[in-house]
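Text of input-v1.txt (compact mmCIF, C-alpha atoms and all ligand atoms) as supplied:
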# COMPACT_ATOMS: atom_id res chain seq x y z
CA MET U 284 -31.79 1.16 -3.23
CA SER U 285 -29.30 -1.63 -3.53
CA LEU U 286 -28.91 -4.88 -1.69
CA ILE U 287 -25.47 -5.48 -0.25
CA VAL U 288 -24.09 -8.58 1.43
CA MET U 289 -21.60 -7.50 4.12
CA LYS U 290 -19.28 -10.25 5.34
CA PHE U 291 -17.15 -9.83 8.46
CA GLY U 292 -14.15 -12.13 8.95
CA GLY U 293 -12.76 -13.46 12.22
CA THR U 294 -10.63 -10.44 13.19
CA SER U 295 -13.51 -8.08 12.33
CA VAL U 296 -15.65 -9.84 14.97
CA GLY U 297 -12.73 -10.82 17.24
CA ASP U 298 -14.35 -9.49 20.43
CA THR U 299 -17.61 -7.84 21.46
CA ASP U 300 -16.29 -4.32 20.83
CA ARG U 301 -15.35 -5.33 17.31
CA ILE U 302 -18.80 -6.84 16.81
CA LYS U 303 -20.26 -3.48 17.86
CA ASN U 304 -17.92 -1.72 15.41
CA ALA U 305 -19.08 -4.04 12.60
CA ALA U 306 -22.71 -3.43 13.58
CA ALA U 307 -22.07 0.31 13.26
CA LYS U 308 -20.90 -0.26 9.68
CA VAL U 309 -24.06 -2.22 8.90
CA ALA U 310 -26.18 0.55 10.43
CA ALA U 311 -24.34 3.14 8.33
CA GLU U 312 -25.12 1.27 5.09
CA ILE U 313 -28.77 0.94 6.08
CA LYS U 314 -28.80 4.68 6.79
CA ASN U 315 -27.33 5.18 3.30
CA GLY U 316 -30.51 3.54 2.03
CA HIS U 317 -29.26 0.01 1.33
CA LYS U 318 -30.74 -3.31 2.32
CA VAL U 319 -28.18 -5.50 3.99
CA ALA U 320 -27.65 -9.20 4.62
CA VAL U 321 -24.72 -9.79 6.99
CA VAL U 322 -22.54 -12.92 6.91
CA VAL U 323 -20.24 -13.57 9.85
CA SER U 324 -17.23 -15.75 10.59
CA ALA U 325 -16.40 -17.19 13.98
CA MET U 326 -14.53 -14.85 16.35
CA SER U 327 -10.81 -15.12 15.53
CA GLY U 328 -9.13 -18.19 16.98
CA VAL U 329 -12.43 -19.93 17.77
CA THR U 330 -12.46 -22.33 14.82
CA ASP U 331 -8.86 -23.38 15.57
CA GLN U 332 -9.81 -24.00 19.19
CA LEU U 333 -12.82 -26.11 18.20
CA ILE U 334 -10.69 -28.20 15.84
CA THR U 335 -8.17 -28.71 18.67
CA HIS U 336 -10.97 -30.01 20.88
CA CYS U 337 -12.01 -32.53 18.22
CA ARG U 338 -8.44 -33.79 17.84
CA ALA U 339 -8.05 -34.09 21.62
CA ILE U 340 -11.06 -36.41 21.79
CA SER U 341 -9.95 -38.57 18.89
CA PRO U 342 -7.36 -38.26 16.15
CA ARG U 343 -9.77 -40.08 13.84
CA PHE U 344 -12.95 -38.18 14.61
CA ASP U 345 -16.22 -38.65 12.77
CA ALA U 346 -16.42 -35.95 10.09
CA ARG U 347 -20.12 -35.33 10.72
CA GLU U 348 -19.53 -34.65 14.40
CA HIS U 349 -16.49 -32.51 13.54
CA ASP U 350 -18.82 -30.28 11.52
CA ALA U 351 -21.39 -30.25 14.33
CA VAL U 352 -18.64 -28.86 16.57
CA VAL U 353 -16.75 -26.45 14.32
CA SER U 354 -19.87 -24.83 12.87
CA THR U 355 -20.77 -23.46 16.33
CA GLY U 356 -18.25 -20.60 16.15
CA GLU U 357 -20.35 -18.90 13.49
CA GLN U 358 -23.60 -19.60 15.36
CA VAL U 359 -22.31 -17.58 18.32
CA THR U 360 -21.21 -14.61 16.22
CA ALA U 361 -24.49 -14.54 14.26
CA GLY U 362 -26.50 -14.27 17.49
CA LEU U 363 -24.19 -11.63 18.96
CA MET U 364 -24.26 -9.58 15.77
CA ALA U 365 -28.08 -9.70 15.64
CA MET U 366 -28.12 -8.45 19.24
CA ALA U 367 -25.64 -5.66 18.45
CA LEU U 368 -27.86 -4.54 15.56
CA GLN U 369 -30.97 -4.66 17.73
CA GLN U 370 -29.11 -2.57 20.27
CA ARG U 371 -28.87 0.10 17.56
CA GLY U 372 -32.62 -0.02 17.08
CA LEU U 373 -32.50 -2.16 13.95
CA ASN U 374 -34.83 -5.03 13.24
CA ALA U 375 -32.35 -7.90 12.96
CA ARG U 376 -32.52 -11.69 13.08
CA SER U 377 -29.91 -14.45 12.91
CA TRP U 378 -30.03 -17.41 10.52
CA GLN U 379 -28.08 -20.65 10.73
CA GLY U 380 -27.25 -22.55 7.55
CA TRP U 381 -30.04 -25.07 8.17
CA GLN U 382 -32.59 -22.32 8.82
CA LEU U 383 -31.97 -20.62 5.48
CA ARG U 384 -31.44 -23.82 3.98
CA LEU U 385 -28.03 -23.51 2.52
CA LEU U 386 -27.89 -26.98 1.00
CA THR U 387 -24.53 -28.69 0.48
CA ASP U 388 -23.23 -32.07 -0.55
CA SER U 389 -22.17 -34.41 2.26
CA ASP U 390 -18.43 -33.97 1.83
CA HIS U 391 -17.98 -32.93 5.46
CA ALA U 392 -15.38 -30.29 6.36
CA LYS U 393 -15.13 -29.25 2.71
CA ALA U 394 -18.73 -29.40 1.54
CA ARG U 395 -19.82 -27.73 -1.69
CA ILE U 396 -22.88 -25.53 -1.88
CA MET U 397 -25.64 -27.04 -4.04
CA ASP U 398 -28.43 -24.53 -3.52
CA ILE U 399 -29.58 -21.73 -1.27
CA GLU U 400 -33.25 -21.37 -0.54
CA GLY U 401 -33.12 -17.63 -0.07
CA ASP U 402 -36.82 -16.76 -0.51
CA ALA U 403 -37.74 -16.55 3.18
CA LEU U 404 -34.72 -14.37 3.91
CA ARG U 405 -35.38 -12.21 0.87
CA ALA U 406 -38.98 -11.61 1.99
CA ARG U 407 -37.78 -10.54 5.44
CA LEU U 408 -35.19 -8.20 3.90
CA ASP U 409 -37.94 -6.65 1.78
CA ASP U 410 -39.90 -6.11 5.01
CA GLY U 411 -37.02 -4.09 6.44
CA GLU U 412 -35.41 -6.77 8.55
CA THR U 413 -31.62 -7.22 8.50
CA GLY U 414 -30.57 -10.85 8.25
CA VAL U 415 -27.42 -12.09 9.96
CA ILE U 416 -26.26 -15.37 8.49
CA ALA U 417 -23.77 -17.74 10.07
CA GLY U 418 -21.05 -18.25 7.45
CA PHE U 419 -19.06 -21.45 6.84
CA GLN U 420 -21.97 -23.81 7.49
CA GLY U 421 -24.71 -25.56 5.57
CA VAL U 422 -26.90 -28.61 5.76
CA THR U 423 -27.17 -31.80 3.72
CA GLU U 424 -30.38 -33.07 2.11
CA ASP U 425 -30.83 -35.39 5.07
CA GLY U 426 -30.39 -32.64 7.64
CA ARG U 427 -26.79 -33.05 8.84
CA ILE U 428 -24.73 -29.88 9.46
CA THR U 429 -21.75 -29.38 7.16
CA THR U 430 -18.89 -26.86 6.90
CA LEU U 431 -17.32 -25.44 3.76
CA GLY U 432 -13.57 -25.68 4.46
CA ARG U 433 -11.24 -23.16 6.12
CA GLY U 434 -12.01 -19.62 5.08
CA GLY U 435 -15.41 -20.85 3.86
CA SER U 436 -17.39 -17.84 5.10
CA ASP U 437 -16.15 -15.94 2.04
CA THR U 438 -17.85 -18.53 -0.11
CA SER U 439 -21.02 -18.41 2.02
CA ALA U 440 -21.13 -14.64 1.48
CA VAL U 441 -20.64 -14.72 -2.29
CA ALA U 442 -23.10 -17.60 -2.70
CA LEU U 443 -25.69 -15.74 -0.66
CA ALA U 444 -25.13 -12.58 -2.70
CA VAL U 445 -25.75 -14.61 -5.86
CA ALA U 446 -28.87 -16.28 -4.42
CA LEU U 447 -30.30 -12.95 -3.25
CA LYS U 448 -29.32 -11.23 -6.52
CA ALA U 449 -27.42 -8.66 -4.46
CA ASP U 450 -25.71 -5.73 -6.14
CA ARG U 451 -22.39 -6.38 -4.43
CA CYS U 452 -20.69 -8.53 -1.83
CA ASP U 453 -18.39 -6.60 0.54
CA ILE U 454 -15.79 -8.69 2.36
CA TYR U 455 -14.63 -6.82 5.47
CA THR U 456 -11.24 -7.93 6.71
CA ASP U 457 -8.16 -6.62 8.52
CA VAL U 458 -6.41 -5.18 5.44
CA PRO U 459 -7.61 -2.33 3.18
CA GLY U 460 -7.83 -4.48 0.05
CA VAL U 461 -5.82 -6.66 -2.29
CA PHE U 462 -2.22 -5.50 -2.73
CA THR U 463 0.12 -5.67 -5.72
CA SER U 464 2.37 -7.86 -3.55
CA ASP U 465 2.69 -8.81 0.12
CA PRO U 466 3.02 -5.39 1.84
CA ARG U 467 4.88 -6.94 4.78
CA ILE U 468 7.73 -7.77 2.40
CA VAL U 469 7.39 -5.20 -0.36
CA THR U 470 6.94 -1.84 1.33
CA ALA U 471 6.26 -0.20 -2.03
CA ALA U 472 3.23 -2.50 -2.59
CA GLN U 473 -0.01 -0.66 -3.33
CA LYS U 474 -3.64 -1.44 -2.79
CA MET U 475 -5.28 -2.17 -6.14
CA ASN U 476 -8.51 -0.35 -6.82
CA ARG U 477 -9.75 -3.00 -9.22
CA VAL U 478 -8.69 -6.50 -10.16
CA SER U 479 -10.34 -8.89 -12.63
CA TYR U 480 -11.92 -12.17 -11.51
CA GLU U 481 -9.35 -14.16 -13.43
CA GLU U 482 -6.42 -12.33 -11.87
CA MET U 483 -7.91 -12.63 -8.39
CA LEU U 484 -8.43 -16.34 -8.93
CA GLU U 485 -4.76 -16.75 -9.87
CA LEU U 486 -3.58 -14.56 -6.99
CA ALA U 487 -5.73 -16.44 -4.46
CA SER U 488 -4.58 -19.81 -5.80
CA LEU U 489 -0.94 -18.70 -5.82
CA GLY U 490 -0.69 -17.62 -2.22
CA ALA U 491 -2.64 -14.37 -1.60
CA LYS U 492 -4.77 -15.38 1.39
CA VAL U 493 -7.31 -12.59 1.39
CA LEU U 494 -10.17 -14.58 -0.23
CA GLN U 495 -10.97 -18.28 -0.24
CA VAL U 496 -10.31 -19.60 -3.77
CA ARG U 497 -13.81 -21.08 -4.04
CA SER U 498 -15.41 -17.73 -3.30
CA VAL U 499 -13.55 -16.19 -6.24
CA GLU U 500 -14.60 -19.06 -8.52
CA MET U 501 -18.20 -18.50 -7.47
CA ALA U 502 -18.01 -14.72 -7.99
CA MET U 503 -16.46 -15.24 -11.43
CA ARG U 504 -19.05 -17.82 -12.48
CA TYR U 505 -21.98 -15.55 -11.57
CA ARG U 506 -20.26 -12.21 -12.29
CA MET U 507 -20.92 -11.01 -8.74
CA PRO U 508 -18.92 -7.86 -7.92
CA VAL U 509 -16.92 -8.43 -4.73
CA GLN U 510 -15.12 -5.75 -2.74
CA VAL U 511 -12.35 -6.49 -0.23
CA LEU U 512 -12.02 -3.73 2.39
CA SER U 513 -10.94 -3.01 5.94
CA THR U 514 -13.28 -3.10 8.94
CA PHE U 515 -10.93 -0.78 10.78
CA ALA U 516 -11.10 2.15 8.32
CA ASN U 517 -13.69 4.90 8.58
CA GLU U 518 -15.31 4.36 5.20
CA VAL U 519 -18.10 1.91 4.46
CA GLY U 520 -18.38 -0.29 1.39
CA SER U 521 -20.74 1.90 -0.64
CA GLU U 522 -17.96 4.52 -0.77
CA LEU U 523 -15.85 1.93 -2.62
CA PRO U 524 -12.65 2.36 -0.62
CA GLY U 525 -11.36 -1.20 -1.07
CA THR U 526 -10.40 -3.44 -3.99
CA LEU U 527 -13.21 -4.31 -6.39
CA VAL U 528 -13.02 -7.76 -7.93
CA ILE U 529 -14.89 -7.43 -11.20
CA GLU U 530 -15.04 -8.40 -14.86
CA GLY U 531 -11.78 -7.50 -16.64
CA THR U 532 -11.89 -4.59 -19.11
CA LYS U 533 -9.67 -3.59 -22.02
CA ASP U 534 -8.22 -0.76 -20.01
CA MET U 535 -7.21 -3.16 -17.23
CA GLU U 536 -5.07 -4.98 -19.80
CA LYS U 537 -2.79 -1.97 -20.23
CA ASN U 538 -0.57 -3.17 -17.41
CA THR U 539 1.22 -6.38 -18.22
CA VAL U 540 1.54 -7.39 -14.58
CA THR U 541 -1.15 -6.60 -12.02
CA GLY U 542 0.20 -8.38 -8.99
CA ILE U 543 3.03 -10.60 -7.78
CA ALA U 544 2.15 -13.51 -5.51
CA HIS U 545 4.46 -15.88 -3.72
CA THR U 546 4.27 -19.05 -1.70
CA SER U 547 6.96 -20.74 0.35
CA ASN U 548 4.63 -23.55 1.00
CA GLU U 549 6.01 -25.92 -1.61
CA ALA U 550 8.86 -28.41 -1.75
CA LYS U 551 10.81 -29.54 -4.80
CA ILE U 552 11.46 -33.17 -5.66
CA THR U 553 13.76 -34.41 -8.43
CA LEU U 554 13.92 -37.98 -9.67
CA ALA U 555 17.34 -38.40 -11.22
CA ARG U 556 18.21 -40.69 -14.10
CA LEU U 557 14.85 -42.13 -15.00
CA ALA U 558 14.47 -44.28 -18.07
CA ASP U 559 13.44 -42.04 -20.98
CA LYS U 560 10.63 -44.13 -22.45
CA PRO U 561 6.84 -44.08 -22.80
CA GLY U 562 4.90 -44.54 -19.56
CA VAL U 563 7.49 -43.24 -17.16
CA ALA U 564 5.68 -40.02 -16.23
CA ALA U 565 2.51 -42.03 -15.62
CA ARG U 566 4.42 -44.37 -13.32
CA VAL U 567 5.68 -41.38 -11.34
CA PHE U 568 2.50 -39.32 -11.11
CA SER U 569 -0.26 -41.92 -10.96
CA PRO U 570 0.77 -43.32 -7.55
CA LEU U 571 1.03 -39.75 -6.22
CA ALA U 572 -2.46 -38.98 -7.52
CA ARG U 573 -3.81 -42.18 -5.95
CA ALA U 574 -2.32 -41.03 -2.64
CA GLY U 575 -4.25 -37.78 -3.03
CA ILE U 576 -1.09 -35.71 -3.51
CA SER U 577 -1.39 -32.85 -5.99
CA VAL U 578 1.63 -31.92 -7.99
CA ASP U 579 2.20 -28.34 -9.03
CA MET U 580 5.12 -27.35 -11.27
CA ILE U 581 6.62 -30.12 -13.44
CA VAL U 582 9.71 -30.13 -15.68
CA GLN U 583 11.30 -32.97 -17.52
CA THR U 584 14.77 -32.35 -18.87
CA ALA U 585 15.64 -33.27 -22.42
CA SER U 586 17.56 -36.49 -22.49
CA GLU U 587 21.12 -36.18 -23.75
CA ASP U 588 21.58 -39.79 -24.72
CA GLY U 589 17.95 -40.81 -25.27
CA GLN U 590 18.35 -43.28 -22.40
CA VAL U 591 17.79 -41.38 -19.18
CA THR U 592 16.21 -38.14 -18.08
CA ASP U 593 15.34 -36.21 -14.88
CA ILE U 594 11.89 -35.13 -13.70
CA THR U 595 11.49 -32.28 -11.22
CA PHE U 596 8.21 -31.22 -9.66
CA THR U 597 6.79 -29.48 -6.61
CA VAL U 598 4.24 -30.58 -4.01
CA ALA U 599 2.69 -28.78 -1.04
CA MET U 600 4.94 -28.83 2.03
CA GLY U 601 2.28 -30.76 3.92
CA ASP U 602 2.50 -33.59 1.36
CA TRP U 603 6.28 -33.64 1.03
CA GLU U 604 7.16 -36.54 3.34
CA ARG U 605 4.29 -38.65 2.08
CA ALA U 606 5.30 -37.99 -1.52
CA LEU U 607 8.86 -39.15 -0.83
CA LYS U 608 7.53 -42.30 0.80
CA VAL U 609 5.21 -43.07 -2.13
CA LEU U 610 8.11 -42.64 -4.58
CA GLU U 611 10.49 -44.78 -2.53
CA ASP U 612 7.85 -47.51 -2.38
CA GLU U 613 7.46 -47.33 -6.16
CA LYS U 614 11.18 -47.15 -6.87
CA ALA U 615 11.44 -50.57 -8.49
CA ASN U 616 8.39 -49.95 -10.65
CA ILE U 617 9.41 -46.43 -11.74
CA GLY U 618 13.13 -47.13 -12.10
CA PHE U 619 15.18 -44.07 -11.11
CA GLU U 620 18.66 -43.72 -9.65
CA LYS U 621 18.00 -41.35 -6.78
CA ILE U 622 15.63 -38.78 -5.30
CA LEU U 623 16.83 -35.25 -4.58
CA SER U 624 14.60 -32.97 -2.63
CA GLU U 625 14.62 -29.45 -1.32
CA LYS U 626 12.28 -27.75 1.14
CA ASN U 627 13.52 -24.19 1.10
CA VAL U 628 12.03 -23.06 -2.18
CA THR U 629 9.65 -20.22 -3.01
CA LYS U 630 7.38 -19.90 -5.99
CA ILE U 631 7.03 -16.37 -7.30
CA SER U 632 4.25 -15.64 -9.76
CA LEU U 633 3.52 -12.64 -11.92
CA VAL U 634 -0.18 -12.31 -12.66
CA GLY U 635 -1.89 -10.07 -15.20
CA ILE U 636 -4.50 -10.30 -17.95
CA GLY U 637 -2.27 -7.93 -19.95
CA MET U 638 0.22 -10.78 -20.44
CA ARG U 639 -2.02 -12.16 -23.17
CA SER U 640 -1.39 -9.23 -25.43
CA HIS U 641 2.17 -8.23 -24.51
CA ALA U 642 5.36 -9.98 -25.55
CA GLY U 643 8.51 -10.03 -23.45
CA VAL U 644 6.83 -10.18 -20.04
CA ALA U 645 8.70 -13.29 -18.98
CA ALA U 646 11.99 -12.06 -20.45
CA LEU U 647 11.97 -9.03 -18.15
CA MET U 648 11.41 -11.36 -15.21
CA PHE U 649 14.42 -13.50 -16.11
CA GLU U 650 16.62 -10.44 -16.73
CA THR U 651 15.62 -8.90 -13.40
CA LEU U 652 16.40 -12.07 -11.47
CA ALA U 653 19.66 -12.57 -13.36
CA ALA U 654 20.78 -9.04 -12.51
CA LYS U 655 20.36 -9.93 -8.84
CA GLY U 656 22.25 -13.20 -9.28
CA ILE U 657 19.18 -15.29 -8.43
CA ASN U 658 19.07 -18.75 -9.95
CA ILE U 659 15.76 -19.96 -11.41
CA GLN U 660 15.08 -23.64 -10.68
CA VAL U 661 11.77 -24.21 -12.46
CA ILE U 662 9.71 -22.03 -14.80
CA GLU U 663 6.03 -22.38 -15.57
CA THR U 664 3.71 -20.21 -17.59
CA SER U 665 0.02 -20.02 -18.31
CA GLU U 666 -2.03 -17.49 -20.22
CA ILE U 667 -2.08 -14.93 -17.42
CA ASN U 668 0.70 -16.03 -15.08
CA THR U 669 4.44 -16.65 -15.18
CA SER U 670 5.95 -18.45 -12.21
CA VAL U 671 9.48 -19.31 -11.17
CA LEU U 672 10.86 -21.40 -8.35
CA ILE U 673 13.85 -19.94 -6.49
CA ALA U 674 15.74 -20.57 -3.24
CA SER U 675 13.69 -19.13 -0.35
CA GLU U 676 16.55 -17.00 0.91
CA TYR U 677 16.10 -14.73 -2.14
CA THR U 678 12.34 -14.23 -1.72
CA GLU U 679 12.44 -10.65 -0.50
CA LEU U 680 15.12 -9.56 -2.94
CA ALA U 681 13.25 -11.09 -5.87
CA LEU U 682 9.84 -9.71 -4.92
CA ARG U 683 11.14 -6.17 -4.45
CA ALA U 684 13.18 -6.20 -7.65
CA LEU U 685 10.30 -7.56 -9.74
CA HIS U 686 7.76 -5.21 -8.17
CA SER U 687 9.88 -2.29 -9.22
CA ALA U 688 10.81 -3.72 -12.65
CA TYR U 689 7.13 -4.04 -13.61
CA GLY U 690 6.36 -0.49 -12.53
CA LEU U 691 4.19 -1.50 -9.58
CA ASP U 692 5.98 0.53 -6.88
CA ALA U 693 3.97 3.25 -5.22
CA ALA U 694 5.05 6.67 -6.48
N1 LIG U 701 -14.38 -19.78 10.77
C1 LIG U 701 -13.96 -20.51 9.61
C2 LIG U 701 -12.44 -20.57 9.56
O1 LIG U 701 -11.76 -20.08 10.46
C3 LIG U 701 -14.52 -19.94 8.35
C4 LIG U 701 -14.12 -18.54 8.03
O2 LIG U 701 -13.73 -17.79 8.91
O3 LIG U 701 -14.22 -18.15 6.86
O4 LIG U 701 -11.90 -21.14 8.66
MG MG U 702 -10.92 -15.43 5.80
I need this file expressed as structure tokens, please.
Amino acid sequence: MSLIVMKFGGTSVGDTDRIKNAAAKVAAEIKNGHKVAVVVSAMSGVTDQLITHCRAISPRFDAREHDAVVSTGEQVTAGLMAMALQQRGLNARSWQGWQLRLLTDSDHAKARIMDIEGDALRARLDDGETGVIAGFQGVTEDGRITTLGRGGSDTSAVALAVALKADRCDIYTDVPGVFTSDPRIVTAAQKMNRVSYEEMLELASLGAKVLQVRSVEMAMRYRMPVQVLSTFANEVGSELPGTLVIEGTKDMEKNTVTGIAHTSNEAKITLARLADKPGVAARVFSPLARAGISVDMIVQTASEDGQVTDITFTVAMGDWERALKVLEDEKANIGFEKILSEKNVTKISLVGIGMRSHAGVAALMFETLAAKGINIQVIETSEINTSVLIASEYTELALRALHSAYGLDAA
């Protein structure tokens, strides 16, 4: 008998019929002989609506009260799911974050999990009860309700699986798994059967939205197998129909590239004709860091005359205007001639643990893009990813060409 954590996202519990459908999946796994702890998200759209209410009351709301409000979406679904399970004759009970005690720090709206006191829940599971846990929420040492950031129910589910020493954490969503690239753009994209933690972490950080990044970090740290699968398919998780996120193996390194992610959510900024002397990069990036703006790709061009150089970097679209303002304010201190900036850029990233052991991976990328006449603006590499920045208008062309060049197209 294994213990499985089954997590249902917003679309999987989007209305009462869908909650009943999810309950049927839980019942099927129990019938298969597994113990189950269920983690639920708010019904789709509910969290957005709750945030809108907070903003309507005050643009500068109190973060603790914000969490008191937005955590309620999950409370509702947990109760409804417990009822739906009871309706099927199962012994089920809901748990809020504070009832479990899922302890977090007090960084409201993006709290980090410190500890889960899972013993009471575990004892009930051993007695044949099915626990339904409200995702996304926790409680501080001093009893205030917190939330874990958008998409945080994924992290609740993985953390609970770790605390309960579950065999696997199944994340039920509206797609059949993790794809080699965005299937809405690349029709030849395929569902992966397996992907390593490290690759999934890169893919999630680089734009694949299927799992919250923190949940992947947590799974990787504790080596918890996670499966991403569809609520709307006939199979259940123990039949392993989805994508398993697991420890990488030698045989997974055979492919150089496992997946291709992209994000159009970045903007490019170039500072032209900066003095080429010690301390300049610090004068550019320290004020941005103080303003809480993270910088992603960075290139500094070699100086032709040893006097001046250019620095180009990218920031999240949401930070773009603020970044320009910070730089303008610092202009005298930094000392540059002008700022050039560009919003319509896309970052395309090849990800694969096989890159470590294969040469020429990046070269094929550059050749493929060149053959399509696509100009590369910035290049960045790490051990298991190679990323380029291109004009957004070429996103589809580039993704499809690369997907095929790396042999990822469905047969
Ligand atoms: N309901 C929360 C959100 O919409 C948490 C989650 O669904 O994972 O972000
Ligand atoms: Mg989600």
Practice prompt. Find the residues around range 670-685 of chain U up to 6 Å (all atoms listed in the file counted), leave out those fewer than 2 positions away in its own chain, and share them as a list in words.
Written response: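 The filter keeps Val469, Asn627, Val628, Thr629, Lys630, Ile631, Ser632, Ile659, Gln660, Val661, Ile662, Glu663, Ser687 and Ala688 of chain U.
Nearest residue to ligand LIG 701 (chain U) among U:Ala320, U:Ala606, U:Leu494, U:Ala406 is U:Leu494, counting all atoms listed in the file.
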Expected axis-aligned box over every listed atom of range 512-526 of chain U, 3 Å added per side, centre plus edges in Å to one decimal, as lines of an AutoDock Vina configuration file:
center_x = -15.6
center_y = 0.6
center_z = 3.4
size_x = 16.3
size_y = 14.6
size_z = 20.8
List as a PDB file with C-alpha atoms, in the frame of the given file the protein and nucleic acid residues lying within 12 Å of ligand MG 702 (chain U), with all atoms listed in the file counted.
ATOM      1  CA  LYS U 290     -19.280 -10.250   5.340  1.00  0.00           C
ATOM      2  CA  PHE U 291     -17.150  -9.830   8.460  1.00  0.00           C
ATOM      3  CA  GLY U 292     -14.150 -12.130   8.950  1.00  0.00           C
ATOM      4  CA  GLY U 293     -12.760 -13.460  12.220  1.00  0.00           C
ATOM      5  CA  THR U 294     -10.630 -10.440  13.190  1.00  0.00           C
ATOM      6  CA  SER U 295     -13.510  -8.080  12.330  1.00  0.00           C
ATOM      7  CA  VAL U 296     -15.650  -9.840  14.970  1.00  0.00           C
ATOM      8  CA  VAL U 322     -22.540 -12.920   6.910  1.00  0.00           C
ATOM      9  CA  VAL U 323     -20.240 -13.570   9.850  1.00  0.00           C
ATOM     10  CA  SER U 324     -17.230 -15.750  10.590  1.00  0.00           C
ATOM     11  CA  ALA U 325     -16.400 -17.190  13.980  1.00  0.00           C
ATOM     12  CA  MET U 326     -14.530 -14.850  16.350  1.00  0.00           C
ATOM     13  CA  SER U 327     -10.810 -15.120  15.530  1.00  0.00           C
ATOM     14  CA  GLY U 328      -9.130 -18.190  16.980  1.00  0.00           C
ATOM     15  CA  THR U 330     -12.460 -22.330  14.820  1.00  0.00           C
ATOM     16  CA  GLY U 418     -21.050 -18.250   7.450  1.00  0.00           C
ATOM     17  CA  PHE U 419     -19.060 -21.450   6.840  1.00  0.00           C
ATOM     18  CA  GLY U 432     -13.570 -25.680   4.460  1.00  0.00           C
ATOM     19  CA  ARG U 433     -11.240 -23.160   6.120  1.00  0.00           C
ATOM     20  CA  GLY U 434     -12.010 -19.620   5.080  1.00  0.00           C
ATOM     21  CA  GLY U 435     -15.410 -20.850   3.860  1.00  0.00           C
ATOM     22  CA  SER U 436     -17.390 -17.840   5.100  1.00  0.00           C
ATOM     23  CA  ASP U 437     -16.150 -15.940   2.040  1.00  0.00           C
ATOM     24  CA  THR U 438     -17.850 -18.530  -0.110  1.00  0.00           C
ATOM     25  CA  SER U 439     -21.020 -18.410   2.020  1.00  0.00           C
ATOM     26  CA  ALA U 440     -21.130 -14.640   1.480  1.00  0.00           C
ATOM     27  CA  ILE U 454     -15.790  -8.690   2.360  1.00  0.00           C
ATOM     28  CA  TYR U 455     -14.630  -6.820   5.470  1.00  0.00           C
ATOM     29  CA  THR U 456     -11.240  -7.930   6.710  1.00  0.00           C
ATOM     30  CA  ASP U 457      -8.160  -6.620   8.520  1.00  0.00           C
ATOM     31  CA  VAL U 458      -6.410  -5.180   5.440  1.00  0.00           C
ATOM     32  CA  ALA U 487      -5.730 -16.440  -4.460  1.00  0.00           C
ATOM     33  CA  ALA U 491      -2.640 -14.370  -1.600  1.00  0.00           C
ATOM     34  CA  LYS U 492      -4.770 -15.380   1.390  1.00  0.00           C
ATOM     35  CA  VAL U 493      -7.310 -12.590   1.390  1.00  0.00           C
ATOM     36  CA  LEU U 494     -10.170 -14.580  -0.230  1.00  0.00           C
ATOM     37  CA  GLN U 495     -10.970 -18.280  -0.240  1.00  0.00           C
ATOM     38  CA  VAL U 496     -10.310 -19.600  -3.770  1.00  0.00           C
ATOM     39  CA  ARG U 497     -13.810 -21.080  -4.040  1.00  0.00           C
ATOM     40  CA  SER U 498     -15.410 -17.730  -3.300  1.00  0.00           C
ATOM     41  CA  VAL U 511     -12.350  -6.490  -0.230  1.00  0.00           C
TER      42      VAL U 511
END
Worksheet entry | Shell around Ala306 in chain U at 12 Å using all atoms listed in the file, local window under 5 positions removed, as a PyMOL selection string | chain U and resi 289-291+295-296+299-301+311-313+319-323+360-361+363-373+375+413+415+455+514+519
Which residues are near Thr541 in chain U? Cut-off 7 Å, all atoms listed in the file, ignore same chain within fewer than 3 positions. Put them as a tab-separated table (two decimals) with C-alpha atoms, in the frame of the given file.
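Below you can see part_20.tsv, which holds the result:
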chain	number	residue	atom	x	y	z
U	463	THR	CA	0.12	-5.67	-5.72
U	538	ASN	CA	-0.57	-3.17	-17.41
U	634	VAL	CA	-0.18	-12.31	-12.66
U	635	GLY	CA	-1.89	-10.07	-15.20
Fill in: Pairwise distance for CA of Asn476 in chain U and CA of Asp692 in chain U, rounded to one decimal in Å
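CA of Asp692 in chain U lies at a distance of 14.5 Å from CA of Asn476 in chain U.
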Discussion item. Can you measure CA of Ile334 in chain U to CA of Glu357 in chain U for me? One decimal in Å is fine.
Written reply: 13.6 Å
